[in-house]
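The next block holds one structure in the form of structure tokens; read it before the comments.
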Amino acid sequence: MLRLEKLTKTYPTGDMALQAVDLEIPAGQIVALIGPSGAGKSTLIRCINRLVEPSSGAAWLDDVNLTRLSQAALRRQRRRMGMIFQEYALVERLTVMENVLSGRLGYVGFWRSFTRRFPQKDVDEAYRLLDRVGLLDMADKRADELSGGQRQRVGICRALIQDPALLLVDEPTASLDPKTSRQIMRLIVELCAERGLAAIINIHDVALAQMFVNRVIGLQKGRVVFDGPPDALTAEVLTQIYGEEDWEATIRKPEDEDEAEAAPLPAGAGGA
Ligand SMILES: Nc1ncnc2c1ncn2[C@@H]1O[C@H](COP(=O)(O)OP(=O)(O)OP(=O)(O)O)[C@@H](O)[C@H]1O
């Protein structure tokens, strides 16, 4: 379980990116984080694994206070938090397989990581994951030969091979076309359900969030202003989060139901 207690981040510039955020995410629950540009979504995700150092407050993963860890202990705990990035963050000149296996670098010793010789069980797991995401025949391709959707699938495999308890997902579909975006969201949600993984997905596309998760958290100016099921995201609520706009075009409509049926919410997606 992830618990944030009054998590606060003020950047040296004075930007108050997070203001005393309290949040609990049970094991296995998938949450979409929405909010306007600058609301603090990326900061929140990065304060959890301390790519950004929080100014005060605490982030607990089960019984571990992540904000108090030494660098060595933090490295160990980061294995439990897989991260998926908007721009994939793959090493372009390495193969798909090598990129996936790089997710194990936090586990193998210095010499193995230096020579990139991974245990056979890691290689076997990498093949299993690539098969699961439909990229088995791409294992030996270089990352720079892949499409955006294929790259994100590699990014997902790299995060999952860490065997994390929590996925931190930062705008996974922002660089993808609408159809590929749906496929990637569906894959993330399915894989989390299969593995009982909790996830926080920072996402700009409200309709996409509504389609795939059971709990949405709205941030505005570093504060949680909404926490509830996707159906509660009315035009009034969206105005509160984002400001005045014609929200009827954004809110999920009945004709989207076909897509929802094609992607039933797994039980693990969990309610608020
Ligand atoms: N490295 C930084 N130094 C100073 N201020 C920053 C830094 N990163 C973010 N900020 C500020 O913190 C606030 C929150 O930014 P953050 O990137 O977390 O928002 P966001 O909701 O993820 O936005 P977007 O959707 O545009 O990515 C903004 O005011 C931003 O300008």
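Starting from 1 in every chain, residues are counted up; chains themselves are A, B, ... following the order of the structure tokens, and ligands are numbered from 1 as listed.
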### Message
To test your reading of the structure, identify every residue in segment 99-194 of chain A that backbone DSSP assigns to alpha helix (DSSP H), and report it as a ChimeraX atom specification.
### Response
/A:99-101,110-115,120-132,148-160,178-194
Hey, which bits of chain A sit within 10 Å of ligand 1, and for each residue what's the closest pair of atoms and how far apart in Å (one decimal), counting only C-alpha atoms and all ligand atoms, rows by chain and increasing number, as a tab-separated table?
```
residue	atom	partner	partner_atom_place_in_ligand_line	distance
A:Lys9	CA	ligand 1	12 (O)	8.3
A:Thr10	CA	ligand 1	12 (O)	7.7
A:Tyr11	CA	ligand 1	4 (C)	4.9
A:Pro12	CA	ligand 1	4 (C)	6.4
A:Thr13	CA	ligand 1	4 (C)	5.3
A:Gly14	CA	ligand 1	5 (N)	7.4
A:Asp15	CA	ligand 1	12 (O)	5.3
A:Met16	CA	ligand 1	12 (O)	6.4
A:Ala17	CA	ligand 1	13 (C)	4.1
A:Leu18	CA	ligand 1	14 (C)	7.4
A:Leu33	CA	ligand 1	21 (O)	9.0
A:Ile34	CA	ligand 1	21 (O)	7.8
A:Gly35	CA	ligand 1	21 (O)	6.1
A:Pro36	CA	ligand 1	25 (O)	5.9
A:Ser37	CA	ligand 1	26 (O)	3.5
A:Gly38	CA	ligand 1	19 (O)	3.4
A:Ala39	CA	ligand 1	21 (O)	3.8
A:Gly40	CA	ligand 1	18 (O)	3.3
A:Lys41	CA	ligand 1	21 (O)	3.9
A:Ser42	CA	ligand 1	22 (O)	3.7
A:Thr43	CA	ligand 1	18 (O)	3.7
A:Leu44	CA	ligand 1	18 (O)	6.5
A:Ile45	CA	ligand 1	18 (O)	8.3
A:Arg46	CA	ligand 1	18 (O)	8.4
A:Cys47	CA	ligand 1	18 (O)	9.6
A:Val52	CA	ligand 1	1 (N)	8.3
A:Asp170	CA	ligand 1	22 (O)	8.3
A:Glu171	CA	ligand 1	27 (O)	8.1
A:Asn202	CA	ligand 1	22 (O)	7.7
A:Ile203	CA	ligand 1	25 (O)	8.0
A:His204	CA	ligand 1	25 (O)	6.8
A:Leu219	CA	ligand 1	21 (O)	7.6
A:Gln220	CA	ligand 1	21 (O)	8.0
A:Lys221	CA	ligand 1	14 (C)	7.5
A:Gly222	CA	ligand 1	14 (C)	7.1
```
### Query
Contacts of Leu167 of chain A at 8 Å or less, counting only C-alpha atoms, minus same-chain residues fewer than 4 places along, as a count of residues only?
9
#### Entry: Secondary structure check, strand (DSSP E) residues of segment 61-166 of chain A, as a ChimeraX atom specification
/A:61,64-65,81-84,166
For N, CA and C atoms, I'd like the residues from the last selection saved as a tab-separated table (two decimals), in the first residue's frame.
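Contents of again23.tsv, freshly written:
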```tsv
chain	number	residue	atom	x	y	z
A	61	LEU	N	5.70	3.26	1.47
A	61	LEU	CA	5.36	2.10	0.65
A	61	LEU	C	5.33	0.94	1.62
A	64	VAL	N	7.59	1.13	4.84
A	64	VAL	CA	8.86	1.83	4.61
A	64	VAL	C	8.59	3.31	4.33
A	65	ASN	N	9.20	4.17	5.12
A	65	ASN	CA	9.09	5.61	4.86
A	65	ASN	C	10.15	5.98	3.82
A	81	MET	N	9.55	0.01	-7.27
A	81	MET	CA	8.76	1.03	-7.96
A	81	MET	C	9.21	1.12	-9.41
A	82	GLY	N	8.42	0.51	-10.30
A	82	GLY	CA	8.77	0.58	-11.72
A	82	GLY	C	8.28	1.90	-12.28
A	83	MET	N	9.06	2.49	-13.20
A	83	MET	CA	8.62	3.76	-13.77
A	83	MET	C	8.49	3.64	-15.29
A	84	ILE	N	7.42	4.20	-15.80
A	84	ILE	CA	7.19	4.23	-17.25
A	84	ILE	C	7.09	5.70	-17.65
A	166	LEU	N	4.70	-1.37	-7.21
A	166	LEU	CA	4.01	-0.13	-7.60
A	166	LEU	C	4.58	0.33	-8.94
```
Determine, counting only C-alpha atoms, which protein, DNA and RNA residues have an atom within 10 Å of an atom of Val123 of chain A; residues of the same chain fewer than 6 positions away are not included. Present the result as a CSV table (one decimal) with C-alpha atoms, in the first residue's frame.
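Ended up saving to result09.csv:
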```
chain,number,residue,atom,x,y,z
A,97,MET,CA,16.2,-7.4,-25.1
A,98,GLU,CA,19.0,-5.3,-23.6
A,100,VAL,CA,14.3,-4.8,-21.0
A,101,LEU,CA,17.1,-6.5,-19.1
A,104,ARG,CA,17.3,-5.8,-13.6
A,117,ARG,CA,25.7,-10.6,-18.4
A,129,LEU,CA,7.3,-10.4,-21.0
A,161,ILE,CA,11.0,-7.1,-15.0
```
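Summary of the local environment: counting only C-alpha atoms, residues at most 9 Å from Asp144 of chain A, other than itself and those fewer than 2 positions away along its chain, are Leu90, Val91, Glu92, Arg93, Leu94, Thr95, Lys141, Arg142, Leu146, Ser147 and Arg151 of chain A.
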Kindly save the residues from that selection, with N, CA and C atoms included, as a compact mmCIF listing (two decimals), in the first residue's frame.
```
# COMPACT_ATOMS: atom_id res chain seq x y z
N LEU A 90 14.41 4.84 -23.50
CA LEU A 90 15.17 3.63 -23.89
C LEU A 90 16.57 4.05 -24.32
N VAL A 91 17.50 3.09 -24.27
CA VAL A 91 18.84 3.35 -24.82
C VAL A 91 18.76 2.96 -26.30
N GLU A 92 18.81 3.97 -27.16
CA GLU A 92 18.50 3.78 -28.58
C GLU A 92 19.37 2.75 -29.28
N ARG A 93 20.68 2.72 -28.91
CA ARG A 93 21.59 1.84 -29.67
C ARG A 93 21.58 0.41 -29.13
N LEU A 94 20.87 0.19 -28.03
CA LEU A 94 20.79 -1.17 -27.49
C LEU A 94 19.58 -1.89 -28.06
N THR A 95 19.62 -3.22 -27.98
CA THR A 95 18.49 -4.00 -28.51
C THR A 95 17.31 -3.93 -27.54
N LYS A 141 16.01 -6.49 -32.24
CA LYS A 141 16.03 -5.20 -32.95
C LYS A 141 16.59 -4.12 -32.08
N ARG A 142 17.18 -3.09 -32.68
CA ARG A 142 17.62 -1.94 -31.90
C ARG A 142 16.42 -1.07 -31.55
N LEU A 146 12.16 1.01 -33.62
CA LEU A 146 10.78 0.72 -33.21
C LEU A 146 9.87 1.93 -33.36
N SER A 147 8.56 1.65 -33.49
CA SER A 147 7.55 2.71 -33.46
C SER A 147 7.34 3.16 -32.01
N ARG A 151 7.98 1.04 -28.65
CA ARG A 151 8.92 1.53 -27.62
C ARG A 151 8.27 1.53 -26.24
```
Arg195 of chain A surroundings by only C-alpha atoms, 10 Å radius, close-in-sequence under 6 positions cut, as an mmCIF file with N, CA and C atoms, in the first residue's frame:
```cif
data_model
loop_
_atom_site.group_PDB
_atom_site.id
_atom_site.type_symbol
_atom_site.label_atom_id
_atom_site.label_comp_id
_atom_site.auth_asym_id
_atom_site.auth_seq_id
_atom_site.Cartn_x
_atom_site.Cartn_y
_atom_site.Cartn_z
ATOM 1 N N GLY A 28 -2.625 -3.051 -5.397
ATOM 2 C CA GLY A 28 -3.378 -3.506 -6.564
ATOM 3 C C GLY A 28 -4.309 -2.480 -7.178
ATOM 4 N N LEU A 160 8.367 -3.835 -15.616
ATOM 5 C CA LEU A 160 7.812 -5.039 -14.981
ATOM 6 C C LEU A 160 8.878 -6.051 -14.598
ATOM 7 N N ASP A 163 10.020 -6.510 -11.163
ATOM 8 C CA ASP A 163 9.110 -7.136 -10.219
ATOM 9 C C ASP A 163 8.669 -6.143 -9.136
ATOM 10 N N PRO A 164 8.123 -5.007 -9.579
ATOM 11 C CA PRO A 164 7.773 -3.952 -8.622
ATOM 12 C C PRO A 164 6.454 -4.227 -7.901
ATOM 13 N N ALA A 165 6.210 -3.471 -6.836
ATOM 14 C CA ALA A 165 4.916 -3.511 -6.145
ATOM 15 C C ALA A 165 4.036 -2.366 -6.638
ATOM 16 N N GLY A 268 -8.852 -5.898 -10.222
ATOM 17 C CA GLY A 268 -7.725 -5.266 -9.556
ATOM 18 C C GLY A 268 -7.661 -3.779 -9.774
#
```
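In this model, the gap between atom CA of Arg186 of chain A and atom CA of Pro230 of chain A comes to 16.0 Å.
The list of residues with at least one atom within 10 Å of Leu176 of chain A, based on only C-alpha atoms and without residues fewer than 2 positions apart in the same chain, reads A:Gln86, A:Glu87, A:Ser147, A:Gly148, A:Gly149, A:Gln152, A:Pro172, A:Thr173, A:Ala174, A:Pro178, A:Lys179, A:Thr180, A:Ser181, A:Arg182, A:Ile184.
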### Task
For each of A:Glu53, A:Asp122, A:Glu5, A:Asp140, take the minimum atom-to-atom distance to Gln19 of chain A, counting only C-alpha atoms, then give the residue where this is smallest.
A:Glu5
### Message
I'd like to know which of A:Ile217, A:Leu130, A:Val31, A:Leu136 is closest to Ile156 of chain A, using only C-alpha atoms.
### Response
A:Leu130
